[in-house]
$ cat structure11.txt   # compact mmCIF, C-alpha atoms
# COMPACT_ATOMS: atom_id res chain seq x y z
CA ALA A 685 55.83 -4.13 26.64
CA ALA A 686 52.79 -5.71 28.26
CA PRO A 687 50.21 -4.00 25.98
CA ASP A 688 52.22 -5.04 22.90
CA ALA A 689 52.30 -8.64 24.12
CA LEU A 690 48.55 -8.59 24.70
CA ARG A 691 47.95 -7.22 21.21
CA ARG A 692 50.11 -9.95 19.67
CA LYS A 693 48.24 -12.58 21.65
CA ALA A 694 44.91 -11.13 20.52
CA ARG A 695 46.02 -11.18 16.87
CA ARG A 696 47.14 -14.82 17.15
CA ARG A 697 43.85 -15.83 18.72
CA ALA A 698 41.87 -13.94 16.08
CA ALA A 699 43.83 -15.63 13.28
CA LEU A 700 43.19 -19.04 14.84
CA ALA A 701 39.48 -18.30 15.18
CA HIS A 702 39.29 -17.25 11.53
CA ARG A 703 40.95 -20.48 10.40
CA ILE A 704 38.60 -22.60 12.49
CA LEU A 705 35.49 -20.79 11.32
CA ARG A 706 36.46 -21.14 7.67
CA ASP A 707 36.58 -24.93 8.12
CA VAL A 708 33.47 -25.64 10.22
CA ASP A 709 30.36 -27.17 8.67
CA ALA A 710 27.93 -25.49 11.11
CA LEU A 711 27.98 -23.00 13.96
CA ILE A 712 26.06 -22.93 17.25
CA CYS A 713 26.23 -19.76 19.38
CA THR A 714 24.67 -19.01 22.74
CA GLN A 715 23.76 -15.42 21.78
CA LYS A 716 22.44 -13.63 18.70
CA ALA A 717 25.21 -11.01 18.95
CA THR A 718 27.86 -13.74 18.77
CA LEU A 719 26.23 -15.28 15.72
CA GLU A 720 25.99 -11.93 13.95
CA ALA A 721 29.67 -11.24 14.64
CA LEU A 722 30.88 -14.64 13.43
CA ARG A 723 28.55 -15.36 10.52
CA PRO A 724 30.60 -13.34 7.98
CA LEU A 725 33.60 -15.56 8.76
CA LEU A 726 31.81 -18.81 7.91
CA LYS A 727 32.15 -20.54 4.57
CA ARG A 728 29.26 -19.93 2.21
CA GLY A 729 26.16 -21.98 2.96
CA ALA A 730 27.21 -23.20 6.43
CA PRO A 731 24.11 -23.28 8.69
CA ALA A 732 24.21 -21.40 11.98
CA THR A 733 21.82 -21.11 14.89
CA VAL A 734 21.45 -19.64 18.38
CA LEU A 735 21.12 -22.06 21.29
CA GLY A 736 21.50 -20.71 24.79
CA ASN A 737 22.63 -22.73 27.75
CA GLY A 738 20.14 -25.06 29.37
CA THR A 739 18.91 -26.71 32.53
CA GLN A 740 17.34 -29.79 33.96
CA LEU A 741 13.67 -29.44 34.84
CA PRO A 742 13.26 -30.85 38.34
CA PRO A 743 9.88 -31.91 39.67
CA PRO A 744 8.05 -29.33 41.80
CA ARG A 745 9.31 -29.36 45.38
CA PRO A 746 7.45 -28.68 48.63
CA GLU A 747 7.66 -25.05 49.57
CA ALA A 748 10.85 -24.45 51.56
CA PRO A 749 11.05 -22.19 54.62
CA GLY A 750 12.49 -19.28 52.62
CA ASP A 751 15.31 -18.59 55.02
CA ILE A 752 17.41 -16.97 52.24
CA ASP A 753 16.12 -13.52 51.32
CA VAL A 754 18.25 -12.55 48.31
CA LEU A 755 20.44 -15.09 46.53
CA TYR A 756 23.30 -14.77 44.08
CA CYS A 757 24.98 -17.93 42.76
CA GLY A 758 27.98 -17.74 40.47
CA SER A 759 31.36 -16.19 39.87
CA LEU A 760 32.34 -13.09 41.83
CA LYS A 761 34.51 -11.59 39.09
CA PRO A 762 33.90 -7.86 38.45
CA TRP A 763 32.17 -8.51 35.10
CA LYS A 764 29.37 -10.36 36.92
CA GLY A 765 28.09 -7.18 38.60
CA VAL A 766 27.96 -8.54 42.15
CA ASP A 767 29.44 -5.26 43.45
CA THR A 768 26.25 -3.46 42.38
CA LEU A 769 24.12 -6.08 44.12
CA VAL A 770 26.08 -5.70 47.36
CA ALA A 771 25.70 -1.91 47.14
CA ALA A 772 21.94 -2.33 46.62
CA MET A 773 21.67 -4.01 50.02
CA ARG A 774 22.33 -0.65 51.71
CA THR A 775 18.63 0.26 51.33
CA LEU A 776 17.21 -3.25 51.69
CA HIS A 777 17.16 -3.47 55.48
CA PRO A 778 16.34 -5.88 57.13
CA TRP A 779 16.75 -8.40 54.31
CA LYS A 780 20.00 -10.29 53.87
CA LEU A 781 22.04 -11.27 50.82
CA THR A 782 23.57 -14.72 50.42
CA ILE A 783 26.36 -15.08 47.86
CA VAL A 784 27.57 -18.50 46.76
CA GLY A 785 30.17 -19.23 44.12
CA PRO A 786 33.79 -19.69 43.13
CA ALA A 787 35.97 -16.72 43.94
CA ALA A 788 39.57 -15.74 44.48
CA ARG A 789 40.44 -14.20 47.83
CA GLN A 790 40.67 -10.75 46.27
CA ASP A 791 37.12 -11.05 44.91
CA VAL A 792 35.74 -11.87 48.34
CA GLU A 793 37.70 -9.04 49.93
CA ARG A 794 36.55 -6.60 47.26
CA LEU A 795 32.90 -7.40 47.96
CA ARG A 796 33.39 -7.21 51.71
CA GLN A 797 34.87 -3.74 51.28
CA VAL A 798 31.83 -2.68 49.24
CA ALA A 799 29.51 -4.02 51.94
CA LEU A 800 31.53 -2.25 54.63
CA ALA A 801 31.37 1.05 52.74
CA MET A 802 27.59 0.65 52.30
CA GLY A 803 27.06 -0.13 55.99
CA CYS A 804 25.54 -3.55 55.29
CA LEU A 805 28.40 -5.94 56.03
CA GLU A 806 26.35 -7.79 58.68
CA ARG A 807 23.62 -8.47 56.08
CA VAL A 808 25.91 -9.92 53.38
CA GLU A 809 27.00 -13.54 53.74
CA ILE A 810 29.54 -15.03 51.32
CA LEU A 811 29.50 -18.82 51.42
CA ALA A 812 31.99 -21.30 50.03
CA PRO A 813 31.19 -22.84 46.63
CA VAL A 814 28.84 -25.83 46.64
CA LYS A 815 28.50 -28.78 44.30
CA PRO A 816 26.22 -28.15 41.28
CA ALA A 817 23.61 -30.57 42.63
CA GLU A 818 23.45 -28.62 45.90
CA VAL A 819 22.63 -25.33 44.19
CA TRP A 820 19.02 -26.48 43.80
CA ASP A 821 18.60 -26.59 47.57
CA LEU A 822 19.65 -22.93 47.70
CA TYR A 823 17.17 -22.02 44.97
CA ALA A 824 14.41 -23.74 46.93
CA ARG A 825 15.26 -21.81 50.10
CA ALA A 826 15.52 -18.38 48.45
CA LYS A 827 12.86 -15.70 48.04
CA VAL A 828 14.45 -13.97 45.05
CA GLY A 829 17.42 -14.70 42.79
CA VAL A 830 19.43 -11.91 41.21
CA ILE A 831 21.48 -11.65 38.00
CA PRO A 832 23.09 -8.17 38.27
CA LEU A 833 25.15 -8.22 35.06
CA PRO A 834 26.75 -4.85 34.21
CA ASP A 835 26.49 -2.94 30.94
CA ALA A 836 28.90 -0.04 30.52
CA ALA A 837 32.27 -1.64 31.23
CA PHE A 838 31.78 -5.24 30.06
CA VAL A 839 30.59 -6.05 26.55
CA GLU A 840 30.67 -9.77 27.38
CA ALA A 841 27.96 -9.25 30.01
CA ARG A 842 25.88 -6.98 27.81
CA ASP A 843 25.80 -9.06 24.64
CA TYR A 844 27.60 -12.38 24.78
CA THR A 845 26.92 -14.32 27.98
CA SER A 846 24.23 -16.97 28.46
CA PRO A 847 24.06 -17.47 32.24
CA LEU A 848 23.36 -20.99 33.45
CA LYS A 849 21.92 -19.48 36.62
CA LEU A 850 19.14 -17.84 34.59
CA PHE A 851 17.83 -21.14 33.24
CA GLU A 852 18.29 -22.97 36.53
CA MET A 853 16.44 -20.35 38.57
CA MET A 854 13.63 -20.37 36.02
CA ALA A 855 13.37 -24.16 36.27
CA ALA A 856 13.41 -23.95 40.06
CA GLY A 857 10.53 -21.46 40.03
CA LEU A 858 12.62 -18.83 41.78
CA PRO A 859 11.52 -15.24 41.06
CA ILE A 860 14.31 -13.40 39.24
CA VAL A 861 15.45 -9.79 39.24
CA CYS A 862 18.00 -9.13 36.51
CA SER A 863 19.65 -6.41 34.46
CA ARG A 864 17.87 -5.16 31.36
CA LEU A 865 20.47 -6.35 28.82
CA ASN A 866 20.41 -7.94 25.38
CA SER A 867 22.06 -11.07 26.76
CA LEU A 868 19.09 -11.67 29.11
CA GLN A 869 16.28 -10.28 26.95
CA GLU A 870 17.19 -13.01 24.48
CA TYR A 871 15.56 -15.49 26.86
CA VAL A 872 13.12 -13.74 29.24
CA SER A 873 10.61 -10.90 29.06
CA ASP A 874 10.45 -8.07 31.57
CA GLY A 875 7.55 -8.44 33.99
CA ARG A 876 6.77 -11.96 32.84
CA GLU A 877 9.60 -14.43 33.50
CA ALA A 878 11.81 -11.87 35.27
CA LEU A 879 11.74 -8.34 36.62
CA MET A 880 14.32 -6.34 34.68
CA VAL A 881 16.02 -3.20 35.98
CA ALA A 882 18.59 -0.71 34.69
CA PRO A 883 22.12 -2.14 35.03
CA ASP A 884 25.07 -0.60 36.87
CA ASP A 885 22.87 1.23 39.40
CA PRO A 886 22.11 -0.15 42.89
CA ARG A 887 19.01 2.02 43.29
CA PRO A 888 16.73 0.44 40.66
CA LEU A 889 18.17 -2.96 41.54
CA ALA A 890 17.18 -2.48 45.18
CA GLU A 891 13.73 -1.25 44.13
CA GLY A 892 13.19 -4.33 41.95
CA ILE A 893 14.29 -6.71 44.69
CA ARG A 894 12.03 -4.96 47.19
CA LYS A 895 9.04 -5.30 44.86
CA VAL A 896 9.51 -9.04 44.52
CA LEU A 897 10.02 -9.47 48.28
CA THR A 898 6.89 -7.52 49.20
CA ASP A 899 4.42 -8.15 46.36
CA ASN A 900 3.07 -11.70 46.66
CA ALA A 901 1.19 -11.56 43.36
CA LEU A 902 4.31 -10.44 41.49
CA HIS A 903 6.43 -13.02 43.33
CA HIS A 904 4.19 -15.95 42.41
CA GLY A 905 3.51 -14.68 38.89
CA LEU A 906 7.20 -14.43 38.02
CA ALA A 907 7.90 -17.84 39.51
CA ALA A 908 5.10 -19.59 37.61
CA ALA A 909 5.88 -17.95 34.25
CA ALA A 910 9.60 -18.66 34.59
CA ARG A 911 9.10 -22.32 35.38
CA ALA A 912 6.69 -22.72 32.45
CA ARG A 913 9.16 -21.05 30.06
CA ALA A 914 12.06 -23.15 31.35
CA ALA A 915 10.64 -26.18 29.52
CA GLU A 916 11.95 -24.58 26.30
CA PHE A 917 15.51 -24.61 27.65
CA THR A 918 15.97 -28.14 28.94
CA TRP A 919 19.09 -30.03 27.91
CA ASP A 920 16.83 -32.52 26.07
CA ALA A 921 15.27 -29.70 24.05
CA ARG A 922 18.71 -28.31 23.28
CA GLY A 923 19.94 -31.75 22.22
CA ALA A 924 16.97 -32.19 19.90
CA ARG A 925 17.81 -28.93 18.14
CA ILE A 926 21.43 -29.98 17.73
CA VAL A 927 20.26 -33.26 16.20
CA ALA A 928 18.01 -31.33 13.82
CA LEU A 929 20.96 -29.19 12.75
CA ALA A 930 23.07 -32.32 12.17
CA GLN A 931 20.29 -33.80 10.03
CA GLU A 932 20.17 -30.58 8.02
CA LEU A 933 23.89 -30.97 7.38
CA LEU A 934 23.50 -34.58 6.26
CA LEU A 935 20.73 -33.67 3.84
CA GLY A 936 22.96 -31.00 2.34
CA LEU A 937 25.82 -33.41 1.60

$ encode --input "structure11.txt" --output "structure tokens"
Amino acid sequence: AAPDALRRKARRRAALAHRILRDVDALICTQKATLEALRPLLKRGAPATVLGNGTQLPPPRPEAPGDIDVLYCGSLKPWKGVDTLVAAMRTLHPWKLTIVGPAARQDVERLRQVALAMGCLERVEILAPVKPAEVWDLYARAKVGVIPLPDAAFVEARDYTSPLKLFEMMAAGLPIVCSRLNSLQEYVSDGREALMVAPDDPRPLAEGIRKVLTDNALHHGLAAAARARAAEFTWDARGARIVALAQELLLGL
């Protein structure tokens, strides 16, 4: 009965989405894949564009002590890939992983069990969620930030997400190691604004993290390029593009 109920719910939601899309005057998506999937449902002539999430661009801060080795900020749901990051810590002795974000008790327990199985429980710290404004202090203290999105089991991670943490870490000048996925390649280039690695595998993830932690030139190069690129993704820049789209609509009336 449960699968039938889920299918009915999915059909109702799809029908509602179709009705909405037929009536909209313009469409803004955070990913190219989303736009390509929805464009055929729009009425003829309706403009559409891709605008990812954004960030503030804080002023440069004095260099912090760097007491956080590896940082993950965000949800701990399975589709975020944090399990792979925890598993990667097995070979990253003596560095430690700090995880911060909203999570149900079962998510925290799941990750603790992964760390226990990998023999790195003492090097994985899971903190309580912090206020959005306090996340910037964590970015400033960290040596590397990680976005370990999976590929095989979660299409939303592969193609459709636009992680706020990506833009915030770029703006903070925090070197990033992330999965090589369409959803992230939309906004950063491998070896320039981020170091990209194969998803779903703790071994290349650990290797990428180790490179950033031990190669000062790579560390500073990624940080500088990411911060420079982040200027394209400020909320002001995003707002200006929305205004331009609205003006396009007005001219077409």

$ closest_residue --input "structure11.txt" --among "A:Asp753, A:Asp899, A:Asp709, A:Glu877" --to "Glu932 of chain A" --atoms "only C-alpha atoms"
A:Asp709

$ atom_distance --input "structure11.txt" --atom1 "atom CA of Thr775 of chain A" --atom2 "atom CA of Ala890 of chain A"
6.9 Å

$ closest_residue --input "structure11.txt" --among "A:Arg925, A:Pro832, A:Asp874, A:Pro744" --to "Leu902 of chain A" --atoms "all atoms listed in the file"
A:Asp874

$ residues_around --input "structure11.txt" --residues "segment 710-727 of chain A" --least-positions-apart "2" --cutoff "8 Å" --atoms "only C-alpha atoms" --output "PyMOL selection string"
chain A and resi 702+705-708+729-737+843-846+867+870+933

$ atom_distance --input "structure11.txt" --atom1 "atom CA of Gly875 of chain A" --atom2 "atom CA of Ser759 of chain A"
25.7 Å

$ residues_near_point --input "structure11.txt" --point "(31.3, -19.4, 44.6)" --cutoff "9 Å" --atoms "all atoms listed in the file" --output "PyMOL selection string"
chain A and resi 757-760+783-787+810-814

$ write_last_selection --input "structure11.txt" --atoms "C-alpha atoms" --output "tab-separated table (two decimals), in the coordinates of the input"
chain	number	residue	atom	x	y	z
A	757	CYS	CA	24.98	-17.93	42.76
A	758	GLY	CA	27.98	-17.74	40.47
A	759	SER	CA	31.36	-16.19	39.87
A	760	LEU	CA	32.34	-13.09	41.83
A	783	ILE	CA	26.36	-15.08	47.86
A	784	VAL	CA	27.57	-18.50	46.76
A	785	GLY	CA	30.17	-19.23	44.12
A	786	PRO	CA	33.79	-19.69	43.13
A	787	ALA	CA	35.97	-16.72	43.94
A	810	ILE	CA	29.54	-15.03	51.32
A	811	LEU	CA	29.50	-18.82	51.42
A	812	ALA	CA	31.99	-21.30	50.03
A	813	PRO	CA	31.19	-22.84	46.63
A	814	VAL	CA	28.84	-25.83	46.64

$ atom_distance --input "structure11.txt" --atom1 "atom CA of Gly738 of chain A" --atom2 "atom CA of Glu852 of chain A"
7.7 Å

$ residues_around --input "structure11.txt" --residues "Ser863 of chain A" --least-positions-apart "3" --cutoff "12 Å" --atoms "all atoms listed in the file" --output "PyMOL selection string"
chain A and resi 764-766+768-769+829-836+841-843+850+860+866-869+872-874+878-886+888-890+892-893

$ residues_around --input "structure11.txt" --residues "Val828 of chain A" --least-positions-apart "3" --cutoff "10 Å" --atoms "all atoms listed in the file" --output "ChimeraX atom specification"
/A:750,752-756,781,823-825,853,857-861,893-894,896-897,903,907

$ write_last_selection --input "structure11.txt" --atoms "C-alpha atoms" --output "mmCIF file, in the coordinates of the input"
data_model
loop_
_atom_site.group_PDB
_atom_site.id
_atom_site.type_symbol
_atom_site.label_atom_id
_atom_site.label_comp_id
_atom_site.auth_asym_id
_atom_site.auth_seq_id
_atom_site.Cartn_x
_atom_site.Cartn_y
_atom_site.Cartn_z
ATOM 1 C CA GLY A 750 12.490 -19.280 52.620
ATOM 2 C CA ILE A 752 17.410 -16.970 52.240
ATOM 3 C CA ASP A 753 16.120 -13.520 51.320
ATOM 4 C CA VAL A 754 18.250 -12.550 48.310
ATOM 5 C CA LEU A 755 20.440 -15.090 46.530
ATOM 6 C CA TYR A 756 23.300 -14.770 44.080
ATOM 7 C CA LEU A 781 22.040 -11.270 50.820
ATOM 8 C CA TYR A 823 17.170 -22.020 44.970
ATOM 9 C CA ALA A 824 14.410 -23.740 46.930
ATOM 10 C CA ARG A 825 15.260 -21.810 50.100
ATOM 11 C CA MET A 853 16.440 -20.350 38.570
ATOM 12 C CA GLY A 857 10.530 -21.460 40.030
ATOM 13 C CA LEU A 858 12.620 -18.830 41.780
ATOM 14 C CA PRO A 859 11.520 -15.240 41.060
ATOM 15 C CA ILE A 860 14.310 -13.400 39.240
ATOM 16 C CA VAL A 861 15.450 -9.790 39.240
ATOM 17 C CA ILE A 893 14.290 -6.710 44.690
ATOM 18 C CA ARG A 894 12.030 -4.960 47.190
ATOM 19 C CA VAL A 896 9.510 -9.040 44.520
ATOM 20 C CA LEU A 897 10.020 -9.470 48.280
ATOM 21 C CA HIS A 903 6.430 -13.020 43.330
ATOM 22 C CA ALA A 907 7.900 -17.840 39.510
#

$ closest_residue --input "structure11.txt" --among "A:Lys693, A:Ala701, A:Gly803, A:Ala826" --to "Asp751 of chain A" --atoms "only C-alpha atoms"
A:Ala826

$ closest_residue --input "structure11.txt" --among "A:Ala855, A:Ala788, A:Val770, A:Ala915" --to "Met802 of chain A" --atoms "only C-alpha atoms"
A:Val770

$ closest_residue --input "structure11.txt" --among "A:Ala837, A:Ala928, A:Leu906, A:Val808" --to "His777 of chain A" --atoms "all atoms listed in the file"
A:Val808

$ closest_residue --input "structure11.txt" --among "A:Leu805, A:Leu800, A:Ile926, A:Val819" --to "Lys849 of chain A" --atoms "all atoms listed in the file"
A:Val819

$ decode --input "structure11.txt" --residues "segment 888-907 of chain A" --atoms "N, CA, C and O atoms" --output "compact mmCIF listing (two decimals), in the first residue's frame"
# COMPACT_ATOMS: atom_id res chain seq x y z
N PRO A 888 40.01 8.81 -3.04
CA PRO A 888 40.38 10.06 -3.70
C PRO A 888 40.01 11.29 -2.88
O PRO A 888 40.68 12.32 -2.96
N LEU A 889 38.95 11.19 -2.09
CA LEU A 889 38.58 12.32 -1.24
C LEU A 889 39.68 12.58 -0.21
O LEU A 889 40.08 13.73 0.00
N ALA A 890 40.16 11.52 0.42
CA ALA A 890 41.25 11.68 1.39
C ALA A 890 42.50 12.23 0.72
O ALA A 890 43.20 13.09 1.28
N GLU A 891 42.80 11.75 -0.49
CA GLU A 891 43.99 12.23 -1.20
C GLU A 891 43.87 13.72 -1.50
O GLU A 891 44.83 14.49 -1.35
N GLY A 892 42.68 14.16 -1.94
CA GLY A 892 42.48 15.57 -2.23
C GLY A 892 42.62 16.44 -0.99
O GLY A 892 43.25 17.51 -1.02
N ILE A 893 42.04 16.00 0.11
CA ILE A 893 42.14 16.75 1.37
C ILE A 893 43.59 16.84 1.81
O ILE A 893 44.07 17.89 2.24
N ARG A 894 44.31 15.72 1.70
CA ARG A 894 45.72 15.71 2.11
C ARG A 894 46.54 16.70 1.26
O ARG A 894 47.41 17.40 1.79
N LYS A 895 46.26 16.76 -0.02
CA LYS A 895 46.99 17.69 -0.89
C LYS A 895 46.81 19.12 -0.42
O LYS A 895 47.77 19.90 -0.35
N VAL A 896 45.57 19.50 -0.13
CA VAL A 896 45.31 20.88 0.28
C VAL A 896 45.94 21.17 1.64
O VAL A 896 46.42 22.27 1.89
N LEU A 897 45.95 20.18 2.54
CA LEU A 897 46.52 20.38 3.87
C LEU A 897 48.05 20.46 3.85
O LEU A 897 48.64 21.06 4.77
N THR A 898 48.68 19.90 2.84
CA THR A 898 50.15 19.81 2.86
C THR A 898 50.83 20.66 1.79
O THR A 898 52.04 20.88 1.86
N ASP A 899 50.09 21.14 0.81
CA ASP A 899 50.67 21.92 -0.29
C ASP A 899 50.26 23.38 -0.12
O ASP A 899 49.15 23.77 -0.46
N ASN A 900 51.18 24.19 0.41
CA ASN A 900 50.85 25.59 0.70
C ASN A 900 50.49 26.37 -0.54
O ASN A 900 49.58 27.22 -0.52
N ALA A 901 51.19 26.12 -1.65
CA ALA A 901 50.90 26.84 -2.89
C ALA A 901 49.49 26.52 -3.38
O ALA A 901 48.74 27.42 -3.79
N LEU A 902 49.12 25.25 -3.34
CA LEU A 902 47.77 24.85 -3.75
C LEU A 902 46.74 25.46 -2.80
O LEU A 902 45.71 25.99 -3.24
N HIS A 903 47.01 25.39 -1.52
CA HIS A 903 46.10 25.93 -0.50
C HIS A 903 45.79 27.40 -0.77
O HIS A 903 44.63 27.82 -0.85
N HIS A 904 46.83 28.20 -0.93
CA HIS A 904 46.63 29.64 -1.11
C HIS A 904 46.08 29.96 -2.49
O HIS A 904 45.29 30.91 -2.64
N GLY A 905 46.45 29.18 -3.49
CA GLY A 905 45.93 29.42 -4.83
C GLY A 905 44.43 29.17 -4.93
O GLY A 905 43.69 29.97 -5.52
N LEU A 906 43.98 28.07 -4.35
CA LEU A 906 42.55 27.78 -4.33
C LEU A 906 41.78 28.85 -3.57
O LEU A 906 40.71 29.30 -4.01
N ALA A 907 42.31 29.26 -2.44
CA ALA A 907 41.63 30.25 -1.61
C ALA A 907 41.48 31.57 -2.35
O ALA A 907 40.40 32.19 -2.35
